[in-house]
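Raw entry02.txt, compact mmCIF, C-alpha atoms and all ligand atoms:
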# COMPACT_ATOMS: atom_id res chain seq x y z
CA MET K 2 0.00 0.00 0.00
CA ARG K 3 1.20 3.57 -0.70
CA LEU K 4 2.63 5.35 2.35
CA ASP K 5 0.13 8.25 2.24
CA LYS K 6 -2.82 5.84 2.19
CA PHE K 7 -1.29 3.74 4.97
CA VAL K 8 -0.76 6.81 7.19
CA ALA K 9 -4.25 8.18 6.39
CA ASP K 10 -5.90 4.87 7.28
CA ALA K 11 -3.89 4.22 10.43
CA ALA K 12 -4.05 7.76 11.85
CA GLN K 13 -7.61 8.43 10.60
CA LEU K 14 -6.43 11.43 8.58
CA THR K 15 -7.42 12.70 5.17
CA ARG K 16 -5.02 11.74 2.39
CA SER K 17 -3.81 15.37 2.09
CA ALA K 18 -3.17 15.65 5.86
CA ALA K 19 -1.18 12.41 5.66
CA ARG K 20 0.85 13.81 2.75
CA GLY K 21 1.53 16.94 4.84
CA LEU K 22 2.98 14.84 7.66
CA ILE K 23 5.11 12.87 5.22
CA ALA K 24 6.39 16.02 3.43
CA LYS K 25 7.43 17.52 6.79
CA GLY K 26 9.61 14.50 7.51
CA ARG K 27 7.50 13.38 10.48
CA VAL K 28 6.98 9.85 9.14
CA THR K 29 9.58 7.09 9.37
CA VAL K 30 9.64 3.65 7.74
CA ASN K 31 11.85 1.15 9.57
CA GLY K 32 13.58 4.00 11.38
CA GLN K 33 14.35 6.13 8.29
CA VAL K 34 12.52 9.37 7.47
CA CYS K 35 10.52 8.81 4.27
CA LYS K 36 9.20 11.82 2.37
CA LYS K 37 7.82 9.86 -0.59
CA ALA K 38 4.02 9.72 -0.42
CA ASP K 39 3.96 6.85 -2.93
CA TRP K 40 6.51 4.73 -1.07
CA PRO K 41 5.24 1.13 -1.10
CA VAL K 42 4.65 -0.01 2.48
CA LYS K 43 5.03 -3.74 3.06
CA GLU K 44 3.26 -5.85 5.67
CA ALA K 45 6.23 -6.11 8.04
CA ASP K 46 7.31 -2.44 7.83
CA ASP K 47 7.44 -0.39 11.04
CA VAL K 48 5.77 2.92 10.12
CA ARG K 49 5.75 5.73 12.68
CA ALA K 50 4.50 9.31 12.81
CA ASP K 51 6.35 11.52 15.30
CA GLY K 52 7.89 8.33 16.66
CA LYS K 53 4.52 6.73 17.44
CA SER K 54 3.76 3.38 15.83
CA LEU K 55 0.95 3.43 13.28
CA ALA K 56 0.13 -0.26 13.63
CA SER K 57 -3.60 0.35 13.33
CA GLU K 58 -5.77 -0.40 16.34
CA GLU K 59 -8.33 -3.09 15.73
CA TYR K 60 -11.20 -1.14 17.28
CA VAL K 61 -11.89 2.35 18.58
CA TYR K 62 -13.70 3.35 21.79
CA ILE K 63 -15.02 6.88 22.12
CA MET K 64 -16.47 8.81 25.04
CA LEU K 65 -19.07 11.36 23.92
CA ASN K 66 -21.00 13.89 26.01
CA LYS K 67 -24.40 13.71 24.31
CA PRO K 68 -26.34 16.95 24.23
CA ALA K 69 -30.15 17.01 24.42
CA GLY K 70 -31.92 16.76 21.05
CA VAL K 71 -29.47 14.24 19.53
CA VAL K 72 -30.54 10.62 19.01
CA SER K 73 -28.53 7.55 20.07
CA ALA K 74 -28.24 5.93 16.64
CA SER K 75 -25.73 5.66 13.80
CA THR K 76 -28.02 7.21 11.17
CA ASP K 77 -31.43 8.86 11.30
CA GLY K 78 -33.48 10.38 8.51
CA ARG K 79 -34.63 13.33 10.63
CA ASP K 80 -32.52 14.01 13.73
CA LYS K 81 -28.82 14.54 14.31
CA THR K 82 -27.23 11.35 15.70
CA VAL K 83 -24.39 10.71 18.14
CA VAL K 84 -22.31 9.39 15.20
CA ASP K 85 -22.98 12.63 13.25
CA LEU K 86 -21.29 14.48 16.14
CA LEU K 87 -17.98 12.81 15.20
CA ASN K 88 -18.04 14.87 11.97
CA GLY K 89 -16.65 12.06 9.84
CA ALA K 90 -13.51 11.66 11.97
CA PHE K 91 -13.45 7.89 11.39
CA PRO K 92 -14.54 7.47 7.78
CA ARG K 93 -13.58 3.80 7.56
CA ARG K 94 -15.15 2.67 10.83
CA GLN K 95 -18.71 1.41 11.33
CA LEU K 96 -19.29 3.15 14.66
CA PHE K 97 -22.44 2.75 16.73
CA PRO K 98 -23.57 3.70 20.24
CA ALA K 99 -23.21 0.90 22.80
CA GLY K 100 -26.48 1.51 24.62
CA ARG K 101 -28.98 4.29 24.21
CA LEU K 102 -29.83 7.52 25.94
CA ASP K 103 -33.21 9.10 25.19
CA LYS K 104 -33.24 12.09 22.83
CA THR K 105 -33.87 14.41 25.80
CA SER K 106 -31.21 12.78 28.02
CA THR K 107 -27.59 13.97 28.14
CA GLY K 108 -24.21 12.60 29.10
CA PHE K 109 -21.91 9.64 28.55
CA VAL K 110 -22.44 7.66 25.35
CA LEU K 111 -19.87 5.01 24.40
CA LEU K 112 -19.28 4.76 20.64
CA THR K 113 -17.34 1.85 19.22
CA ASP K 114 -17.00 -0.53 16.28
CA ASP K 115 -16.31 -3.47 18.61
CA GLY K 116 -19.58 -5.42 18.63
CA ALA K 117 -18.43 -8.08 21.10
CA PHE K 118 -17.27 -5.47 23.63
CA ALA K 119 -20.52 -3.51 23.29
CA HIS K 120 -22.51 -6.67 23.81
CA ASP K 121 -20.51 -7.41 26.95
CA ILE K 122 -21.13 -3.93 28.40
CA LEU K 123 -24.86 -4.19 27.70
CA ALA K 124 -25.55 -7.86 28.52
CA PRO K 125 -27.99 -7.96 31.45
CA LYS K 126 -26.04 -10.88 32.94
CA ARG K 127 -22.87 -8.78 33.17
CA HIS K 128 -24.62 -6.22 35.42
CA VAL K 129 -22.32 -3.38 34.32
CA PRO K 130 -23.68 -0.39 36.27
CA LYS K 131 -24.73 2.83 34.53
CA THR K 132 -24.83 5.93 36.75
CA TYR K 133 -27.20 8.86 36.17
CA HIS K 134 -27.82 12.26 37.72
CA VAL K 135 -31.57 12.77 37.78
CA VAL K 136 -33.62 15.90 38.48
CA LEU K 137 -37.27 15.33 39.41
CA ASP K 138 -40.30 17.61 39.40
CA THR K 139 -40.81 16.78 43.09
CA PRO K 140 -38.54 16.16 46.10
CA VAL K 141 -36.80 12.80 46.37
CA THR K 142 -38.22 10.74 49.27
CA PRO K 143 -36.84 7.86 51.38
CA GLU K 144 -39.76 5.76 49.99
CA MET K 145 -38.36 6.23 46.48
CA ALA K 146 -34.95 4.95 47.60
CA ARG K 147 -36.60 1.94 49.27
CA ALA K 148 -38.73 1.19 46.19
CA PHE K 149 -35.64 1.34 43.94
CA ALA K 150 -33.74 -1.01 46.29
CA ASP K 151 -36.66 -3.49 46.37
CA GLY K 152 -37.20 -3.42 42.58
CA VAL K 153 -39.87 -1.16 41.06
CA THR K 154 -42.72 -2.80 39.12
CA LEU K 155 -43.46 -0.76 35.97
CA ALA K 156 -47.00 0.12 34.85
CA ASP K 157 -46.91 -2.78 32.35
CA GLY K 158 -46.15 -5.29 35.14
CA GLN K 159 -42.40 -5.72 34.42
CA ARG K 160 -40.45 -5.94 37.66
CA MET K 161 -37.14 -4.11 37.53
CA GLN K 162 -33.99 -5.43 39.18
CA PRO K 163 -33.01 -3.62 42.37
CA ALA K 164 -31.39 -0.24 41.68
CA GLN K 165 -29.67 2.33 43.89
CA LEU K 166 -30.95 5.83 44.50
CA PHE K 167 -28.83 8.33 46.45
CA PRO K 168 -30.48 11.69 47.27
CA ASP K 169 -28.42 14.73 46.32
CA ALA K 170 -27.40 16.67 49.43
CA ALA K 171 -27.36 19.96 47.49
CA ASP K 172 -30.76 19.70 45.75
CA PRO K 173 -33.87 18.06 47.28
CA CYS K 174 -35.26 17.25 43.79
CA ALA K 175 -32.04 15.60 42.54
CA ALA K 176 -30.52 12.15 42.99
CA THR K 177 -27.90 9.76 41.67
CA VAL K 178 -29.36 6.54 40.27
CA VAL K 179 -27.35 3.40 39.50
CA LEU K 180 -28.94 0.81 37.18
CA ARG K 181 -27.60 -2.60 36.18
CA GLN K 182 -30.05 -3.24 33.36
CA GLY K 183 -31.26 -1.19 30.41
CA VAL K 184 -35.00 -1.21 29.79
CA TYR K 185 -36.54 1.37 27.40
CA HIS K 186 -37.14 4.68 29.28
CA GLN K 187 -36.35 2.78 32.47
CA ILE K 188 -35.63 5.66 34.86
CA LYS K 189 -38.53 7.79 33.65
CA ARG K 190 -40.89 4.83 33.96
CA MET K 191 -39.57 3.83 37.40
CA PHE K 192 -40.11 7.32 38.77
CA GLY K 193 -43.43 7.51 36.89
CA THR K 194 -44.83 4.58 38.90
CA LEU K 195 -43.85 6.48 42.06
CA GLY K 196 -45.69 9.63 40.93
CA ALA K 197 -42.61 11.66 39.98
CA GLY K 198 -41.69 13.21 36.64
CA VAL K 199 -38.10 13.42 35.37
CA ASN K 200 -37.01 16.92 34.30
CA GLY K 201 -33.36 16.09 33.66
CA LEU K 202 -31.39 12.88 33.10
CA HIS K 203 -27.60 12.90 32.62
CA ARG K 204 -25.46 9.74 32.45
CA THR K 205 -22.28 10.33 34.46
CA ALA K 206 -20.58 6.91 34.32
CA ILE K 207 -20.51 3.53 32.59
CA GLY K 208 -19.05 0.82 34.80
CA GLY K 209 -16.21 2.43 36.73
CA LEU K 210 -15.47 5.08 34.08
CA ARG K 211 -16.78 8.59 34.71
CA LEU K 212 -17.66 11.01 31.91
CA ASP K 213 -14.74 13.40 31.48
CA GLU K 214 -16.09 16.68 32.85
CA SER K 215 -13.89 18.69 30.53
CA LEU K 216 -15.94 17.44 27.54
CA ALA K 217 -18.51 20.11 26.68
CA PRO K 218 -21.90 18.83 25.39
CA GLY K 219 -21.39 17.49 21.87
CA ARG K 220 -17.64 16.92 22.34
CA TRP K 221 -15.86 13.58 22.38
CA ARG K 222 -12.48 11.94 22.87
CA LEU K 223 -10.89 8.51 22.53
CA ILE K 224 -10.98 6.20 25.55
CA THR K 225 -7.52 5.01 26.64
CA PRO K 226 -6.80 1.28 27.14
CA ALA K 227 -6.73 1.79 30.94
CA GLU K 228 -10.12 3.54 30.80
CA LYS K 229 -11.52 0.78 28.62
CA ALA K 230 -10.81 -1.71 31.41
CA LEU K 231 -12.76 0.53 33.83
CA LEU K 232 -15.84 0.38 31.58
CA GLN K 233 -16.33 -3.27 32.52
CA GLY K 234 -15.85 -2.62 36.22
CA GLY K 235 -18.08 -1.65 39.13
CA ALA K 236 -19.84 1.65 39.79
CA GLU K 237 -17.75 4.77 40.08
CA GLY K 238 -17.09 5.93 43.63
N1 LIG Q 301 -33.61 5.82 31.57
C1 LIG Q 301 -34.40 6.68 30.88
O1 LIG Q 301 -35.58 6.81 31.17
N2 LIG Q 301 -33.83 7.37 29.86
C2 LIG Q 301 -32.53 7.28 29.53
O2 LIG Q 301 -32.09 7.96 28.60
C3 LIG Q 301 -31.73 6.38 30.25
C4 LIG Q 301 -32.29 5.66 31.28
Go ahead and express the file in the form of structure tokens.
Amino acid sequence: MRLDKFVADAAQLTRSAARGLIAKGRVTVNGQVCKKADWPVKEADDVRADGKSLASEEYVYIMLNKPAGVVSASTDGRDKTVVDLLNGAFPRRQLFPAGRLDKTSTGFVLLTDDGAFAHDILAPKRHVPKTYHVVLDTPVTPEMARAFADGVTLADGQRMQPAQLFPDAADPCAATVVLRQGVYHQIKRMFGTLGAGVNGLHRTAIGGLRLDESLAPGRWRLITPAEKALLQGGAEG
């Protein structure tokens, strides 16, 4: 494969950005600077940009802070999707959200092209906790916390697994909720059976990995290998 195509693919750059790196002498092949964009790269070659190996990662894992009004899907005929927010940064990857947040909900969405990993995070048997900050239209009560701990029965008769509800010391109408399953509109429906409406729902963590607070709504970044391991772990502290 030509060097510029190899660099573009591995570093997820446009072909012209890859050529720019090569022309500036920032790309090496087997330890030698190579400024020829059409240099033929062979399977065993060690290609680096700024000293960093470009052996392409098999999968990508992205942390996105979903804003309200965006849908948790790869494509949608009408609404902007969480994948649209990546602005084509990974043109050769089939990215999708691992788990959904409602259109009105905000916060941590994991985007990946690793189907097996996504399945593992979402599988009910794995019990990977998802943590939410919830704002109600009424004060949080000790009865709500007890009902969540016992397992709320939804209006359609489905009994939810026990969940945790921690009142927010700073706001009587706010709480942190930790769920270990993912049923459609689960938190809104759980509070609905207890006579409370949800005014705000923000996912703050998946497993033991917290949403990076420096990510403004709509912004994203790659998840590091160490953070990826946290995704499969217990609730954040
Ligand atoms: N529960 C809900 O009701 N909505 C979400 O987006 C996530 C959990």
- Hey, what's within 9 Å of K:Leu210 if we count only C-alpha atoms and toss same-chain stuff fewer than 6 positions away? As a PyMOL selection string, please? chain K and resi 228-237
How would the residues just picked look written out with C-alpha atoms as a tab-separated table (two decimals), in the coordinates of the input?
chain	number	residue	atom	x	y	z
K	228	GLU	CA	-10.12	3.54	30.80
K	229	LYS	CA	-11.52	0.78	28.62
K	230	ALA	CA	-10.81	-1.71	31.41
K	231	LEU	CA	-12.76	0.53	33.83
K	232	LEU	CA	-15.84	0.38	31.58
K	233	GLN	CA	-16.33	-3.27	32.52
K	234	GLY	CA	-15.85	-2.62	36.22
K	235	GLY	CA	-18.08	-1.65	39.13
K	236	ALA	CA	-19.84	1.65	39.79
K	237	GLU	CA	-17.75	4.77	40.08
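Atom to atom, atom CA of K:Thr154 and atom O2 of ligand LIG 301 (chain Q) stand 18.4 Å apart.
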- Message: as a VMD selection string, please: every protein or nucleic acid residue near ligand LIG 301 (chain Q) (cut-off 10 Å, counting all atoms listed in the file).
- Response: chain K and resid 73 100 to 108 131 to 133 135 178 to 180 182 to 193 199 201 to 204
Just-selected residues, C-alpha atoms written as a short mmCIF file (atom, residue, chain, number, x, y, z; two decimals), keeping the file's coordinate frame:
data_model
loop_
_atom_site.label_atom_id
_atom_site.label_comp_id
_atom_site.auth_asym_id
_atom_site.auth_seq_id
_atom_site.Cartn_x
_atom_site.Cartn_y
_atom_site.Cartn_z
CA SER K 73 -28.53 7.55 20.07
CA GLY K 100 -26.48 1.51 24.62
CA ARG K 101 -28.98 4.29 24.21
CA LEU K 102 -29.83 7.52 25.94
CA ASP K 103 -33.21 9.10 25.19
CA LYS K 104 -33.24 12.09 22.83
CA THR K 105 -33.87 14.41 25.80
CA SER K 106 -31.21 12.78 28.02
CA THR K 107 -27.59 13.97 28.14
CA GLY K 108 -24.21 12.60 29.10
CA LYS K 131 -24.73 2.83 34.53
CA THR K 132 -24.83 5.93 36.75
CA TYR K 133 -27.20 8.86 36.17
CA VAL K 135 -31.57 12.77 37.78
CA VAL K 178 -29.36 6.54 40.27
CA VAL K 179 -27.35 3.40 39.50
CA LEU K 180 -28.94 0.81 37.18
CA GLN K 182 -30.05 -3.24 33.36
CA GLY K 183 -31.26 -1.19 30.41
CA VAL K 184 -35.00 -1.21 29.79
CA TYR K 185 -36.54 1.37 27.40
CA HIS K 186 -37.14 4.68 29.28
CA GLN K 187 -36.35 2.78 32.47
CA ILE K 188 -35.63 5.66 34.86
CA LYS K 189 -38.53 7.79 33.65
CA ARG K 190 -40.89 4.83 33.96
CA MET K 191 -39.57 3.83 37.40
CA PHE K 192 -40.11 7.32 38.77
CA GLY K 193 -43.43 7.51 36.89
CA VAL K 199 -38.10 13.42 35.37
CA GLY K 201 -33.36 16.09 33.66
CA LEU K 202 -31.39 12.88 33.10
CA HIS K 203 -27.60 12.90 32.62
CA ARG K 204 -25.46 9.74 32.45
#
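Using all atoms listed in the file, the protein and nucleic acid residues lying no more than 9 Å from K:Gln162, apart from those fewer than 6 places from it along its own chain, are Phe149, Ala150, Asp151, Gly152, Val153, Leu180, Arg181 and Gln182 of chain K.
For stretch 109-115 of chain K, the list of residues within 6 Å, based on only C-alpha atoms and with local chain neighbours fewer than 2 positions off taken out, reads Tyr60, Val61, Tyr62, Ile63, Met64, Leu65, Asn66, Gln95, Leu96, Phe97, Pro98, Ala99, Ala117, Phe118, Arg204, Thr205 and Leu212 of chain K.
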Would you give the centre and edge lengths, in Å to one decimal, of a box along x, y and z around the listed atoms of stretch 85-98 of chain K, with 4 Å added to each side, as JSON?
{"center_x": -18.5, "center_y": 8.1, "center_z": 13.9, "size_x": 18.1, "size_y": 21.5, "size_z": 20.7}
Starting from the structure just given, write a file holding stretch 47-59 of chain K with all heavy atoms, as a PDB file, in the first residue's frame.
ATOM      1  N   ASP K  47       7.772  -1.121   9.810  1.00  0.00           N
ATOM      2  CA  ASP K  47       7.443  -0.393  11.036  1.00  0.00           C
ATOM      3  C   ASP K  47       7.281   1.079  10.651  1.00  0.00           C
ATOM      4  O   ASP K  47       8.263   1.781  10.418  1.00  0.00           O
ATOM      5  CB  ASP K  47       8.588  -0.589  12.050  1.00  0.00           C
ATOM      6  CG  ASP K  47       8.388   0.257  13.301  1.00  0.00           C
ATOM      7  OD1 ASP K  47       7.229   0.610  13.606  1.00  0.00           O
ATOM      8  OD2 ASP K  47       9.393   0.571  13.969  1.00  0.00           O
ATOM      9  N   VAL K  48       6.042   1.530  10.539  1.00  0.00           N
ATOM     10  CA  VAL K  48       5.775   2.916  10.124  1.00  0.00           C
ATOM     11  C   VAL K  48       5.389   3.722  11.352  1.00  0.00           C
ATOM     12  O   VAL K  48       4.541   3.295  12.149  1.00  0.00           O
ATOM     13  CB  VAL K  48       4.632   2.963   9.075  1.00  0.00           C
ATOM     14  CG1 VAL K  48       4.391   4.396   8.608  1.00  0.00           C
ATOM     15  CG2 VAL K  48       4.957   2.063   7.892  1.00  0.00           C
ATOM     16  N   ARG K  49       6.020   4.886  11.504  1.00  0.00           N
ATOM     17  CA  ARG K  49       5.747   5.730  12.678  1.00  0.00           C
ATOM     18  C   ARG K  49       5.523   7.177  12.260  1.00  0.00           C
ATOM     19  O   ARG K  49       6.147   7.637  11.305  1.00  0.00           O
ATOM     20  CB  ARG K  49       6.921   5.692  13.665  1.00  0.00           C
ATOM     21  CG  ARG K  49       7.037   4.334  14.322  1.00  0.00           C
ATOM     22  CD  ARG K  49       8.311   4.169  15.125  1.00  0.00           C
ATOM     23  NE  ARG K  49       8.322   2.812  15.635  1.00  0.00           N
ATOM     24  CZ  ARG K  49       7.961   2.469  16.878  1.00  0.00           C
ATOM     25  NH1 ARG K  49       7.632   3.407  17.750  1.00  0.00           N
ATOM     26  NH2 ARG K  49       7.930   1.214  17.244  1.00  0.00           N
ATOM     27  N   ALA K  50       4.663   7.865  12.986  1.00  0.00           N
ATOM     28  CA  ALA K  50       4.500   9.313  12.813  1.00  0.00           C
ATOM     29  C   ALA K  50       4.902   9.946  14.131  1.00  0.00           C
ATOM     30  O   ALA K  50       4.378   9.544  15.185  1.00  0.00           O
ATOM     31  CB  ALA K  50       3.057   9.659  12.480  1.00  0.00           C
ATOM     32  N   ASP K  51       5.816  10.895  14.086  1.00  0.00           N
ATOM     33  CA  ASP K  51       6.349  11.519  15.300  1.00  0.00           C
ATOM     34  C   ASP K  51       6.799  10.461  16.306  1.00  0.00           C
ATOM     35  O   ASP K  51       6.593  10.613  17.517  1.00  0.00           O
ATOM     36  CB  ASP K  51       5.299  12.443  15.934  1.00  0.00           C
ATOM     37  CG  ASP K  51       4.949  13.608  15.020  1.00  0.00           C
ATOM     38  OD1 ASP K  51       5.824  14.002  14.230  1.00  0.00           O
ATOM     39  OD2 ASP K  51       3.812  14.103  15.090  1.00  0.00           O
ATOM     40  N   GLY K  52       7.342   9.386  15.797  1.00  0.00           N
ATOM     41  CA  GLY K  52       7.890   8.332  16.662  1.00  0.00           C
ATOM     42  C   GLY K  52       6.863   7.329  17.154  1.00  0.00           C
ATOM     43  O   GLY K  52       7.205   6.314  17.748  1.00  0.00           O
ATOM     44  N   LYS K  53       5.573   7.609  16.903  1.00  0.00           N
ATOM     45  CA  LYS K  53       4.522   6.729  17.437  1.00  0.00           C
ATOM     46  C   LYS K  53       4.117   5.708  16.369  1.00  0.00           C
ATOM     47  O   LYS K  53       3.844   6.084  15.228  1.00  0.00           O
ATOM     48  CB  LYS K  53       3.312   7.595  17.825  1.00  0.00           C
ATOM     49  CG  LYS K  53       2.252   6.833  18.577  1.00  0.00           C
ATOM     50  CD  LYS K  53       1.174   7.787  19.085  1.00  0.00           C
ATOM     51  CE  LYS K  53       0.025   7.017  19.697  1.00  0.00           C
ATOM     52  NZ  LYS K  53      -0.701   6.159  18.783  1.00  0.00           N
ATOM     53  N   SER K  54       4.077   4.441  16.779  1.00  0.00           N
ATOM     54  CA  SER K  54       3.764   3.381  15.831  1.00  0.00           C
ATOM     55  C   SER K  54       2.371   3.568  15.243  1.00  0.00           C
ATOM     56  O   SER K  54       1.426   3.906  15.945  1.00  0.00           O
ATOM     57  CB  SER K  54       3.837   2.023  16.543  1.00  0.00           C
ATOM     58  OG  SER K  54       3.343   1.034  15.658  1.00  0.00           O
ATOM     59  N   LEU K  55       2.254   3.312  13.942  1.00  0.00           N
ATOM     60  CA  LEU K  55       0.955   3.430  13.284  1.00  0.00           C
ATOM     61  C   LEU K  55       0.333   2.059  13.020  1.00  0.00           C
ATOM     62  O   LEU K  55      -0.568   1.950  12.186  1.00  0.00           O
ATOM     63  CB  LEU K  55       1.080   4.203  11.966  1.00  0.00           C
ATOM     64  CG  LEU K  55       1.348   5.694  12.112  1.00  0.00           C
ATOM     65  CD1 LEU K  55       1.386   6.358  10.756  1.00  0.00           C
ATOM     66  CD2 LEU K  55       0.308   6.367  12.981  1.00  0.00           C
ATOM     67  N   ALA K  56       0.818   1.039  13.734  1.00  0.00           N
ATOM     68  CA  ALA K  56       0.133  -0.256  13.627  1.00  0.00           C
ATOM     69  C   ALA K  56      -1.317   0.040  13.994  1.00  0.00           C
ATOM     70  O   ALA K  56      -1.590   0.536  15.085  1.00  0.00           O
ATOM     71  CB  ALA K  56       0.744  -1.236  14.599  1.00  0.00           C
ATOM     72  N   SER K  57      -2.248  -0.180  13.073  1.00  0.00           N
ATOM     73  CA  SER K  57      -3.596   0.348  13.332  1.00  0.00           C
ATOM     74  C   SER K  57      -4.306  -0.472  14.407  1.00  0.00           C
ATOM     75  O   SER K  57      -4.168  -1.679  14.480  1.00  0.00           O
ATOM     76  CB  SER K  57      -4.421   0.391  12.056  1.00  0.00           C
ATOM     77  OG  SER K  57      -4.673  -0.894  11.611  1.00  0.00           O
ATOM     78  N   GLU K  58      -5.014   0.252  15.264  1.00  0.00           N
ATOM     79  CA  GLU K  58      -5.775  -0.397  16.335  1.00  0.00           C
ATOM     80  C   GLU K  58      -6.908  -1.165  15.695  1.00  0.00           C
ATOM     81  O   GLU K  58      -7.506  -0.718  14.720  1.00  0.00           O
ATOM     82  CB  GLU K  58      -6.342   0.668  17.286  1.00  0.00           C
ATOM     83  CG  GLU K  58      -5.295   1.529  17.964  1.00  0.00           C
ATOM     84  CD  GLU K  58      -4.386   0.748  18.902  1.00  0.00           C
ATOM     85  OE1 GLU K  58      -4.790  -0.329  19.369  1.00  0.00           O
ATOM     86  OE2 GLU K  58      -3.257   1.207  19.134  1.00  0.00           O
ATOM     87  N   GLU K  59      -7.255  -2.290  16.308  1.00  0.00           N
ATOM     88  CA  GLU K  59      -8.327  -3.093  15.729  1.00  0.00           C
ATOM     89  C   GLU K  59      -9.681  -2.385  15.856  1.00  0.00           C
ATOM     90  O   GLU K  59     -10.463  -2.347  14.913  1.00  0.00           O
ATOM     91  CB  GLU K  59      -8.364  -4.455  16.417  1.00  0.00           C
ATOM     92  CG  GLU K  59      -9.189  -5.449  15.640  1.00  0.00           C
ATOM     93  CD  GLU K  59      -9.127  -6.837  16.245  1.00  0.00           C
ATOM     94  OE1 GLU K  59      -8.538  -7.001  17.316  1.00  0.00           O
ATOM     95  OE2 GLU K  59      -9.696  -7.738  15.614  1.00  0.00           O
TER      96      GLU K  59
END
